[in-house]
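A.B. asks: Below is the file protein_6.pdb, which contains PDB, C-alpha atoms, pLDDT in the B column.
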MODEL        1
ATOM      1  CA  MET A   1      58.347  55.490  91.592  1.00 38.00           C
ATOM      2  CA  ALA A   2      55.483  53.065  91.352  1.00 41.00           C
ATOM      3  CA  ARG A   3      52.312  54.320  93.006  1.00 43.00           C
ATOM      4  CA  GLY A   4      51.213  50.980  94.450  1.00 44.00           C
ATOM      5  CA  SER A   5      53.465  50.516  97.470  1.00 47.00           C
ATOM      6  CA  LEU A   6      54.250  53.945  98.868  1.00 49.00           C
ATOM      7  CA  ASN A   7      54.148  52.803 102.465  1.00 66.00           C
ATOM      8  CA  VAL A   8      57.763  53.379 103.483  1.00 88.00           C
ATOM      9  CA  LEU A   9      58.930  56.764 104.682  1.00 96.00           C
ATOM     10  CA  PHE A  10      62.451  58.082 104.325  1.00 97.00           C
ATOM     11  CA  ALA A  11      64.148  60.893 106.222  1.00 98.00           C
ATOM     12  CA  ILE A  12      66.531  62.847 104.020  1.00 98.00           C
ATOM     13  CA  ILE A  13      69.001  64.986 105.928  1.00 98.00           C
ATOM     14  CA  GLY A  14      70.995  67.409 103.816  1.00 98.00           C
ATOM     15  CA  THR A  15      73.970  69.017 105.522  1.00 98.00           C
ATOM     16  CA  ASP A  16      74.982  72.394 104.136  1.00 98.00           C
ATOM     17  CA  GLY A  17      78.456  72.902 102.776  1.00 97.00           C
ATOM     18  CA  PRO A  18      80.525  76.006 103.504  1.00 95.00           C
ATOM     19  CA  ARG A  19      78.759  77.985 100.737  1.00 96.00           C
ATOM     20  CA  GLY A  20      75.318  76.525 101.398  1.00 95.00           C
ATOM     21  CA  GLN A  21      73.721  79.673 102.792  1.00 93.00           C
ATOM     22  CA  ALA A  22      75.067  81.776  99.922  1.00 96.00           C
ATOM     23  CA  LEU A  23      73.867  79.308  97.256  1.00 97.00           C
ATOM     24  CA  ARG A  24      70.376  78.638  98.679  1.00 95.00           C
ATOM     25  CA  PRO A  25      68.559  81.745  97.380  1.00 96.00           C
ATOM     26  CA  GLY A  26      69.408  81.060  93.735  1.00 97.00           C
ATOM     27  CA  LEU A  27      68.288  77.422  93.921  1.00 98.00           C
ATOM     28  CA  ARG A  28      65.314  77.728  96.285  1.00 97.00           C
ATOM     29  CA  ALA A  29      62.561  78.038  93.638  1.00 98.00           C
ATOM     30  CA  ALA A  30      63.672  74.869  91.820  1.00 98.00           C
ATOM     31  CA  HIS A  31      64.133  73.012  95.117  1.00 98.00           C
ATOM     32  CA  LEU A  32      60.650  73.976  96.327  1.00 98.00           C
ATOM     33  CA  ALA A  33      59.054  73.123  92.964  1.00 98.00           C
ATOM     34  CA  ARG A  34      60.235  69.509  93.311  1.00 97.00           C
ATOM     35  CA  LEU A  35      58.928  69.305  96.873  1.00 98.00           C
ATOM     36  CA  GLU A  36      55.597  70.863  95.887  1.00 97.00           C
ATOM     37  CA  ALA A  37      55.222  68.228  93.155  1.00 97.00           C
ATOM     38  CA  LEU A  38      55.724  65.513  95.795  1.00 95.00           C
ATOM     39  CA  GLU A  39      53.165  67.229  98.008  1.00 96.00           C
ATOM     40  CA  ARG A  40      50.585  67.248  95.198  1.00 96.00           C
ATOM     41  CA  ASN A  41      51.157  63.501  94.777  1.00 94.00           C
ATOM     42  CA  GLY A  42      50.712  62.846  98.507  1.00 93.00           C
ATOM     43  CA  ARG A  43      54.334  61.764  98.968  1.00 95.00           C
ATOM     44  CA  LEU A  44      55.717  64.668 101.016  1.00 96.00           C
ATOM     45  CA  VAL A  45      55.364  64.304 104.787  1.00 95.00           C
ATOM     46  CA  LEU A  46      57.350  67.381 105.816  1.00 96.00           C
ATOM     47  CA  ALA A  47      60.276  69.518 104.729  1.00 97.00           C
ATOM     48  CA  GLY A  48      62.220  72.472 106.034  1.00 97.00           C
ATOM     49  CA  PRO A  49      65.567  73.849 107.090  1.00 96.00           C
ATOM     50  CA  PHE A  50      67.113  73.357 110.506  1.00 97.00           C
ATOM     51  CA  ALA A  51      66.829  76.513 112.616  1.00 97.00           C
ATOM     52  CA  ASP A  52      70.599  76.540 113.191  1.00 96.00           C
ATOM     53  CA  GLY A  53      71.291  76.857 109.447  1.00 94.00           C
ATOM     54  CA  SER A  54      73.148  73.544 109.262  1.00 96.00           C
ATOM     55  CA  GLY A  55      70.946  71.949 106.589  1.00 97.00           C
ATOM     56  CA  SER A  56      67.466  70.574 105.995  1.00 98.00           C
ATOM     57  CA  LEU A  57      65.158  67.669 106.797  1.00 98.00           C
ATOM     58  CA  ILE A  58      62.804  66.196 104.206  1.00 98.00           C
ATOM     59  CA  VAL A  59      60.555  63.214 104.932  1.00 97.00           C
ATOM     60  CA  ILE A  60      59.030  61.503 101.898  1.00 97.00           C
ATOM     61  CA  ALA A  61      57.126  58.353 100.985  1.00 95.00           C
ATOM     62  CA  ALA A  62      58.976  56.238  98.430  1.00 95.00           C
ATOM     63  CA  ASP A  63      59.005  52.666  97.195  1.00 93.00           C
ATOM     64  CA  SER A  64      62.592  51.971  98.220  1.00 94.00           C
ATOM     65  CA  LEU A  65      65.775  53.441  99.602  1.00 96.00           C
ATOM     66  CA  ASP A  66      67.119  53.560  96.054  1.00 96.00           C
ATOM     67  CA  ASP A  67      64.128  55.648  94.925  1.00 96.00           C
ATOM     68  CA  ALA A  68      64.502  58.001  97.889  1.00 97.00           C
ATOM     69  CA  ARG A  69      68.227  58.342  97.180  1.00 97.00           C
ATOM     70  CA  ALA A  70      67.602  59.043  93.485  1.00 97.00           C
ATOM     71  CA  PHE A  71      65.091  61.751  94.397  1.00 97.00           C
ATOM     72  CA  ALA A  72      67.475  63.336  96.900  1.00 98.00           C
ATOM     73  CA  GLU A  73      70.527  63.211  94.639  1.00 98.00           C
ATOM     74  CA  ALA A  74      68.636  65.024  91.854  1.00 98.00           C
ATOM     75  CA  ASP A  75      67.579  67.885  94.141  1.00 97.00           C
ATOM     76  CA  PRO A  76      68.908  71.309  93.095  1.00 97.00           C
ATOM     77  CA  TYR A  77      70.363  71.783  96.570  1.00 98.00           C
ATOM     78  CA  VAL A  78      72.520  68.706  95.935  1.00 97.00           C
ATOM     79  CA  THR A  79      73.403  69.326  92.290  1.00 97.00           C
ATOM     80  CA  GLY A  80      73.933  73.043  92.978  1.00 97.00           C
ATOM     81  CA  GLY A  81      76.272  72.560  95.927  1.00 97.00           C
ATOM     82  CA  VAL A  82      74.115  73.693  98.868  1.00 97.00           C
ATOM     83  CA  PHE A  83      74.302  70.276 100.533  1.00 98.00           C
ATOM     84  CA  GLN A  84      77.754  68.811 101.043  1.00 97.00           C
ATOM     85  CA  ALA A  85      76.395  65.559 102.485  1.00 97.00           C
ATOM     86  CA  LEU A  86      73.187  63.515 102.407  1.00 97.00           C
ATOM     87  CA  ASP A  87      71.976  61.011 104.974  1.00 98.00           C
ATOM     88  CA  ILE A  88      68.924  59.000 103.899  1.00 98.00           C
ATOM     89  CA  ARG A  89      67.279  56.630 106.361  1.00 97.00           C
ATOM     90  CA  PRO A  90      64.065  54.613 106.495  1.00 96.00           C
ATOM     91  CA  PHE A  91      61.689  56.319 108.913  1.00 93.00           C
ATOM     92  CA  VAL A  92      58.756  54.952 110.914  1.00 90.00           C
ATOM     93  CA  LYS A  93      56.050  57.478 111.758  1.00 88.00           C
ATOM     94  CA  VAL A  94      54.363  56.604 115.046  1.00 86.00           C
ATOM     95  CA  LEU A  95      52.578  59.834 116.002  1.00 85.00           C
ATOM     96  CA  PRO A  96      50.518  61.717 115.328  1.00 82.00           C
ATOM     97  CA  ALA A  97      48.165  59.040 114.104  1.00 78.00           C
ATOM     98  CA  SER A  98      46.692  59.680 110.677  1.00 70.00           C
ATOM     99  CA  PRO A  99      43.148  61.023 110.810  1.00 62.00           C
ATOM    100  CA  ALA A 100      40.388  58.553 110.006  1.00 54.00           C
ATOM    101  CA  ILE A 101      38.919  58.857 106.533  1.00 50.00           C
ATOM    102  CA  ALA A 102      35.191  59.560 106.697  1.00 47.00           C
TER     103      ALA A 102
ENDMDL
END
Could you write out this file's structure as structure tokens?

C.D. replies:
Amino acid sequence: MARGSLNVLFAIIGTDGPRGQALRPGLRAAHLARLEALERNGRLVLAGPFADGSGSLIVIAADSLDDARAFAEADPYVTGGVFQALDIRPFVKVLPASPAIA
């Protein structure tokens, strides 16, 4: 992804498949490593599983829907079979407002 225009956010919703909960532990370290890399680059807004165990929500900054989709489709939870479905949508953050830079 080009670094110049990361002003669009994308919500990635991964829905667990029937073996999702069983597969998660073995893939978690690789999944988190990718998210931590995004965080270091200032592109991760938030990420975590749904409390009901149905899947996860990840919100990232990306240049385009295609870039967000490529990132999501390469995630170990996708390639390893945790997620049975992905829903990726442009997202507009309204609140909380970003803190002013001093």

A.B. asks: CA of Val45 (chain A) and CA of Leu32 (chain A) are how many Å apart?

C.D. replies: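 Value for the CA of Val45 (chain A)-CA of Leu32 (chain A) distance: 13.9 Å.
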
A.B. asks: Go through A:Arg89, A:Ala70, A:Leu9, A:Pro96 one by one, measure the shortest atom-to-atom distance of each to Arg43 (chain A) using only C-alpha atoms, and give the residue with the smallest value.

C.D. replies: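 Smallest distance to Arg43 (chain A) is found for A:Leu9.
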
A.B. asks: Quick one, how far is CA of Asp67 (chain A) from CA of Gln21 (chain A)?

C.D. replies: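 Value for the CA of Asp67 (chain A)-CA of Gln21 (chain A) distance: 27.0 Å.
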
A.B. asks: Which is closer to Val92 (chain A) than all the others in A:Ile13, A:Val78, A:Ala61, A:Asp66, using only C-alpha atoms?

C.D. replies: A:Ala61

A.B. asks: Take CA of Ala47 (chain A) and CA of Glu73 (chain A) and report the distance between them in Å, one decimal.

C.D. replies: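 Here the two named atoms are 15.7 Å from each other.
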
A.B. asks: Can you tell me, as lines of an AutoDock Vina configuration file, the centre and edge lengths (Å, one decimal) of the axis-aligned box enclosing all of region 79-89 of chain A's listed atoms after padding each side by 4 Å?

C.D. replies:
center_x = 72.5
center_y = 65.2
center_z = 99.3
size_x = 18.5
size_y = 25.1
size_z = 22.1
